[in-house]
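Each remark here refers to the structure printed beneath this line.
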Amino acid sequence: MAIRPCAGCCPSVISKMGGAVSAGEDNDELIDNLKEAQYIRTELVEQAFRAIDRADYYLEEFKENAYKDLAWKHGNIHLSAPCIYSEVMEALDLQPGLSFLNLGSGTGYLSSMVGLILGPFGVNHGVELHPDVIEYAKQKLDFFIRTSDSFDKFDFCEPSFVPGNCLELSPDCSQYDRVYCGAGVQKEHEDYMKSLLKVGGILVMPLEEKLTKITRTGPSAWETKKILAVSFAPLVQPRRSESGKSRLVQLPPLAVRSLQDLARIAIRGAIKKVIHQEAVSRNGDGLKATPRFKRRRVRRRRMETIVFLDKEVFASRISNPSEDNSCEGLGEEQREEEEQNPAEMKPEPPVNFLREKVLSLPLPDPLKYYLLYYRDK
């Protein structure tokens with residue numbers, strides 16, 4: 001089968017990677033570009049990408065690069081190129097209620113998008129080698145839960161992150177419906193990765209320079225599909241302790257939700273249904289998404305990417321599917337349109353209907369804030 005070229009992501013990269021689609025002015029325009037290039041192909045994946053702003057996972061001084069289709073690395077903190085995450089999310093074929101294991105969970109960006117699809121009855125676990133990155137991921141997760149209106153638009157499966165080497169998982173750990181590994185898997189570890197899957201499960205990982213999707217069709221039966229060519233740094237091999245024994249990683253237990261938590265989920269779900277029914281009776285077609293301000297699309301020219309991987313050079317010339325050389329003069333035309341339509345420049349902020357409805361209920365304030373997960377806004 002034909003494999004689309006796309007520069008991958010790896011912790012040892014010392015220059016930018018990606019460039020398969022044009023840069024966006026904001027998160028929505030980046031997603032528009034990924035859709036146009038067919039990296040995002042399903043509605044569920046699109047909704048998850050739009051709900052979480054990629055820039056929120058960057059350090060402040062690097063946010064101007066957040067909407068480029070490039071990987072980013074600073075110390076141990078790393079984000080893959082958006083085209084990679086798009087292909088991964090599509091390949092995982094996520095559904096509500098599934099269990100997900102992210103090996104090399106990093107900033108938690110991917111795990112949080114997955115959590116929006118899994119819903120409150122899914123399982124969302126991540127293993128990360130670097131403790132400082134786990135702390136960073138927890139901070140970003142807390143910021144998302146406290147401040148993002150997307151948290152109230154979805155039923156969220158909050159990810160849990162544990163430190164350790166993903167090649168040292170405890171032998172008695174549970175199997176998962178979906179598994180993703182964010183580092184290059186050597187051939188000798190392929191069977192180890194497969195063992196983490198339930199029958200019917202899907203594993204996505206970089207294997208022999210190809211992003212690979214493996215479906216477990218039976219106890220000893222597998223289907224393998226190569227998705228696209230990538231370049232990832234290999235998994236870090238385990239280090240033995242002074243006693244010569246490996247440090248086994250214990251994954252979080254599959255805990256049963258408390259009755260109180262289940263009641264909160266049910267109440268929030270009932271309120272969302274009331275909001276939808278009120279909107280249907282008022283508008284006839286339900287809640288409409290707040291219109292997004294659409295900029296005039298300016299086609300970018302082809303980008304050439306050179307990636308330095310340790311002492312070797314990985315050179316990739318990537319043709320932009322949206323390439324158009326007739327963009328001269330569009331900048332002036334764009335400014336004229338914006339001057340003629342000043343109202344479009346300042347769209348009304350979206351209304352958090354769930355929050356407004358909860359705050360209007362005749363309930364004690366502590367209960368209201370519990371229903372809102374004690375969020376800031």
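Ordering of the structure tokens sets the chain letters (A, B, ...); residue numbers start at 1 within each chain; ligands are numbered from 1 in the order shown.
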*Quick one: residues within 10 Å of range 49-52 of chain A, only C-alpha atoms counted, chain neighbours fewer than 5 positions away excluded, as a PyMOL selection string?*
chain A and resi 27-32+40+43-44+57+82+85-86+89+109-110+112-114+116+144+148-151+153-154
*asked:* To test your reading of the structure, identify every residue in range 141-220 of chain A that backbone DSSP assigns to helix (DSSP H, G or I), and report it as a VMD selection string.
replied: chain A and resid 141 to 147 150 to 153 166 to 168 187 to 194
Within 10 Å of range 258-264 of chain A, which residues of range 344-374 of chain A come that close, and what is the closest atom pair and distance in Å for each? Count only C-alpha atoms and give it as a tab-separated table.
```
residue	atom	partner	partner_atom	distance
A:Leu367	CA	A:Arg264	CA	9.7
A:Tyr370	CA	A:Arg264	CA	8.0
A:Leu371	CA	A:Arg264	CA	5.9
A:Leu372	CA	A:Arg264	CA	9.0
A:Tyr373	CA	A:Arg264	CA	9.2
```
Mind writing the picked residues with all heavy atoms as a compact mmCIF listing (two decimals), in the first residue's frame?
```
# COMPACT_ATOMS: atom_id res chain seq x y z
N LEU A 367 -23.17 22.37 46.61
CA LEU A 367 -23.62 21.33 45.70
C LEU A 367 -23.49 21.80 44.25
O LEU A 367 -23.09 21.03 43.36
CB LEU A 367 -25.07 20.94 46.00
CG LEU A 367 -25.67 19.84 45.11
CD1 LEU A 367 -24.78 18.60 45.11
CD2 LEU A 367 -27.08 19.49 45.58
N TYR A 370 -19.93 21.52 43.32
CA TYR A 370 -19.57 20.11 43.14
C TYR A 370 -20.00 19.63 41.76
O TYR A 370 -19.25 18.93 41.07
CB TYR A 370 -20.21 19.25 44.23
CG TYR A 370 -19.95 17.77 44.04
CD1 TYR A 370 -18.70 17.23 44.33
CD2 TYR A 370 -20.95 16.93 43.53
CE1 TYR A 370 -18.46 15.87 44.13
CE2 TYR A 370 -20.71 15.58 43.34
CZ TYR A 370 -19.46 15.05 43.64
OH TYR A 370 -19.21 13.72 43.43
N LEU A 371 -21.21 20.00 41.36
CA LEU A 371 -21.69 19.62 40.02
C LEU A 371 -20.84 20.22 38.92
O LEU A 371 -20.74 19.66 37.81
CB LEU A 371 -23.14 20.05 39.84
CG LEU A 371 -24.19 19.30 40.68
CD1 LEU A 371 -25.56 19.93 40.52
CD2 LEU A 371 -24.23 17.82 40.27
N LEU A 372 -20.20 21.35 39.20
CA LEU A 372 -19.35 22.02 38.23
C LEU A 372 -17.87 21.63 38.39
O LEU A 372 -17.00 22.25 37.77
CB LEU A 372 -19.50 23.54 38.35
CG LEU A 372 -20.88 24.10 37.97
CD1 LEU A 372 -20.97 25.57 38.33
CD2 LEU A 372 -21.15 23.88 36.49
N TYR A 373 -17.60 20.63 39.20
CA TYR A 373 -16.22 20.18 39.46
C TYR A 373 -15.35 21.31 40.01
O TYR A 373 -14.15 21.36 39.75
CB TYR A 373 -15.60 19.61 38.19
CG TYR A 373 -16.16 18.26 37.79
CD1 TYR A 373 -17.34 18.17 37.04
CD2 TYR A 373 -15.52 17.10 38.16
CE1 TYR A 373 -17.87 16.94 36.67
CE2 TYR A 373 -16.04 15.85 37.80
CZ TYR A 373 -17.20 15.78 37.06
OH TYR A 373 -17.73 14.56 36.69
```
_as JSON, numbers by chain, please: every residue in range 186-289 of chain A that DSSP puts in strand (DSSP E)._
{"A": [197, 198, 199, 200, 201, 202, 203, 204, 205, 206, 207, 210, 211, 212, 213, 214, 215, 216, 217, 218, 221, 222, 223, 224, 225, 226, 227, 228, 229]}
Keeping only N, CA, C and O atoms, write the selected residues to a file as a compact mmCIF listing (two decimals), in the first residue's frame.
```txt
# COMPACT_ATOMS: atom_id res chain seq x y z
N LEU A 197 -2.79 -5.82 24.57
CA LEU A 197 -4.10 -5.64 23.93
C LEU A 197 -5.09 -6.73 24.29
O LEU A 197 -4.76 -7.91 24.35
N LYS A 198 -6.34 -6.31 24.48
CA LYS A 198 -7.44 -7.27 24.53
C LYS A 198 -7.74 -7.77 23.12
O LYS A 198 -7.38 -7.15 22.12
N VAL A 199 -8.43 -8.90 23.03
CA VAL A 199 -8.91 -9.36 21.73
C VAL A 199 -9.90 -8.33 21.18
O VAL A 199 -10.78 -7.86 21.91
N GLY A 200 -9.71 -7.94 19.95
CA GLY A 200 -10.51 -6.87 19.36
C GLY A 200 -9.89 -5.50 19.52
O GLY A 200 -10.41 -4.52 18.98
N GLY A 201 -8.79 -5.43 20.26
CA GLY A 201 -8.14 -4.15 20.52
C GLY A 201 -7.26 -3.69 19.38
O GLY A 201 -6.93 -4.43 18.45
N ILE A 202 -6.83 -2.41 19.47
CA ILE A 202 -6.01 -1.78 18.44
C ILE A 202 -4.77 -1.18 19.09
O ILE A 202 -4.86 -0.46 20.09
N LEU A 203 -3.62 -1.48 18.50
CA LEU A 203 -2.33 -0.93 18.92
C LEU A 203 -1.78 -0.07 17.79
O LEU A 203 -1.73 -0.51 16.64
N VAL A 204 -1.39 1.16 18.11
CA VAL A 204 -0.76 2.05 17.13
C VAL A 204 0.62 2.42 17.66
O VAL A 204 0.75 2.87 18.80
N MET A 205 1.64 2.23 16.83
CA MET A 205 3.01 2.50 17.27
C MET A 205 3.92 2.66 16.06
O MET A 205 3.64 2.14 14.98
N PRO A 206 5.04 3.38 16.24
CA PRO A 206 6.05 3.44 15.18
C PRO A 206 6.87 2.15 15.22
O PRO A 206 7.52 1.86 16.21
N LEU A 207 6.82 1.40 14.15
CA LEU A 207 7.52 0.12 14.07
C LEU A 207 8.32 0.09 12.77
O LEU A 207 7.74 0.17 11.69
N LYS A 210 7.75 3.03 10.35
CA LYS A 210 6.39 3.19 9.83
C LYS A 210 5.43 3.28 11.00
O LYS A 210 5.50 2.49 11.94
N LEU A 211 4.54 4.28 10.95
CA LEU A 211 3.45 4.30 11.93
C LEU A 211 2.53 3.13 11.58
O LEU A 211 2.00 3.06 10.45
N THR A 212 2.34 2.22 12.52
CA THR A 212 1.71 0.93 12.24
C THR A 212 0.49 0.73 13.12
O THR A 212 0.51 1.02 14.31
N LYS A 213 -0.57 0.21 12.52
CA LYS A 213 -1.79 -0.14 13.24
C LYS A 213 -1.93 -1.65 13.27
O LYS A 213 -1.94 -2.31 12.22
N ILE A 214 -2.02 -2.21 14.48
CA ILE A 214 -2.15 -3.66 14.66
C ILE A 214 -3.45 -3.93 15.40
O ILE A 214 -3.69 -3.41 16.49
N THR A 215 -4.30 -4.75 14.81
CA THR A 215 -5.58 -5.13 15.42
C THR A 215 -5.51 -6.59 15.86
O THR A 215 -5.11 -7.46 15.08
N ARG A 216 -5.88 -6.83 17.11
CA ARG A 216 -5.89 -8.20 17.62
C ARG A 216 -7.23 -8.83 17.30
O ARG A 216 -8.25 -8.54 17.93
N THR A 217 -7.25 -9.71 16.31
CA THR A 217 -8.50 -10.31 15.85
C THR A 217 -8.83 -11.62 16.56
O THR A 217 -9.93 -12.15 16.40
N GLY A 218 -7.89 -12.16 17.33
CA GLY A 218 -8.12 -13.39 18.08
C GLY A 218 -7.00 -13.57 19.08
O GLY A 218 -6.07 -12.77 19.13
N ALA A 221 -4.21 -14.07 16.73
CA ALA A 221 -4.40 -13.60 15.36
C ALA A 221 -4.32 -12.08 15.32
O ALA A 221 -4.87 -11.40 16.19
N TRP A 222 -3.64 -11.55 14.29
CA TRP A 222 -3.38 -10.12 14.20
C TRP A 222 -3.54 -9.64 12.77
O TRP A 222 -3.24 -10.38 11.82
N GLU A 223 -3.99 -8.40 12.63
CA GLU A 223 -3.99 -7.73 11.32
C GLU A 223 -3.11 -6.50 11.44
O GLU A 223 -3.24 -5.72 12.38
N THR A 224 -2.22 -6.32 10.47
CA THR A 224 -1.25 -5.22 10.52
C THR A 224 -1.42 -4.32 9.30
O THR A 224 -1.56 -4.80 8.18
N LYS A 225 -1.42 -3.01 9.56
CA LYS A 225 -1.54 -2.02 8.48
C LYS A 225 -0.51 -0.92 8.69
O LYS A 225 -0.42 -0.34 9.77
N LYS A 226 0.27 -0.63 7.66
CA LYS A 226 1.22 0.46 7.70
C LYS A 226 0.51 1.75 7.30
O LYS A 226 -0.14 1.81 6.25
N ILE A 227 0.63 2.78 8.15
CA ILE A 227 -0.13 4.01 7.92
C ILE A 227 0.70 5.05 7.17
O ILE A 227 0.31 5.52 6.11
N LEU A 228 1.85 5.42 7.70
CA LEU A 228 2.70 6.40 7.03
C LEU A 228 4.13 6.29 7.53
O LEU A 228 4.38 5.76 8.61
N ALA A 229 5.06 6.79 6.72
CA ALA A 229 6.47 6.78 7.08
C ALA A 229 6.74 7.85 8.12
O ALA A 229 6.28 8.99 8.00
```
_Residue among A:Leu94, A:Val21, A:Tyr39, A:Lys140 lying closest to Tyr58 in chain A, counting only C-alpha atoms_ = A:Lys140
*asked:* Would you pick out the contacts of Asp26 in chain A at 9 Å or less, using only C-alpha atoms, so that residues sharing its chain but fewer than 6 positions from it are not included, and give the list as a VMD selection string?
replied: chain A and resid 53 55 66 to 67
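In terms of minimum interatomic distance to Ser99 in chain A, A:Gly122 ranks closest within A:Pro171, A:Pro219, A:Gly164, A:Gly122, counting only C-alpha atoms.
Neighbouring residues of Tyr136 in chain A at 12 Å or closer, counting only C-alpha atoms and skipping chain neighbours under 3 positions away, are Asp56, Tyr57, Tyr58, Leu59, Gly75, Asn76, Ile77, His78, Ser105, Gly106, Thr107, Gly108, Tyr109, Glu128, His130, Pro131, Asp132, Val133, Gln139, Lys140, Leu141, Asp142, Phe143 and Phe161 of chain A.
Of the listed residues (A:Arg282, A:Arg239, A:Arg178, A:Lys63), A:Arg178 comes nearest to Gln95 in chain A; the distances count only C-alpha atoms.
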Within 7 Å of Asn165 in chain A using only C-alpha atoms, minus same-chain residues under 3 positions, as an mmCIF file with N, CA and C atoms, in the first residue's frame:
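Full text of around16.cif as output:
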```cif
data_model
loop_
_atom_site.group_PDB
_atom_site.id
_atom_site.type_symbol
_atom_site.label_atom_id
_atom_site.label_comp_id
_atom_site.auth_asym_id
_atom_site.auth_seq_id
_atom_site.Cartn_x
_atom_site.Cartn_y
_atom_site.Cartn_z
ATOM 1 N N GLU A 128 4.853 7.601 31.666
ATOM 2 C CA GLU A 128 5.846 8.575 31.203
ATOM 3 C C GLU A 128 7.151 8.368 31.953
ATOM 4 N N LEU A 129 8.253 8.379 31.208
ATOM 5 C CA LEU A 129 9.560 8.097 31.781
ATOM 6 C C LEU A 129 10.057 9.208 32.702
ATOM 7 N N GLU A 168 8.709 -1.899 31.308
ATOM 8 C CA GLU A 168 8.778 -2.581 32.602
ATOM 9 C C GLU A 168 7.416 -2.620 33.288
ATOM 10 N N PRO A 238 15.274 -0.297 29.506
ATOM 11 C CA PRO A 238 15.237 -0.263 30.982
ATOM 12 C C PRO A 238 16.632 -0.324 31.584
#
```
*Choose the residue, out of A:Ser160, A:Val236, A:Cys83, A:Gly184, that has the smallest atom-to-atom separation from Asn102 in chain A; count only C-alpha atoms.*
A:Ser160
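Of the residues under consideration (A:Leu98, A:Leu354, A:Cys166, A:Ile267), A:Cys166 shows the shortest atom-to-atom contact distance to Val249 in chain A when counting only C-alpha atoms.
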*asked:* With distances taken over only C-alpha atoms, which residue among A:Asp172, A:Asp177, A:Glu209, A:Glu87 lies nearest Val45 in chain A?
replied: A:Glu87
*Could you tell me how far CA of Lys194 in chain A lies from CA of Phe100 in chain A, in Å and to one decimal?*
13.8 Å
*For range 269-277 of chain A, list every protein, DNA or RNA residue within 8 Å, evaluated using only C-alpha atoms, and leave out those in the same chain fewer than 2 positions away; present the list as a VMD selection string.*
chain A and resid 265 to 267 279 to 281 286 to 287 353 to 354 357 to 358
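Excluding Tyr192 in chain A itself and any same-chain residue fewer than 4 positions from it, the protein and nucleic acid residues within 10 Å of it, counting only C-alpha atoms, are Leu167, Leu169, Lys187, Glu188, Leu196 and Leu197 of chain A.
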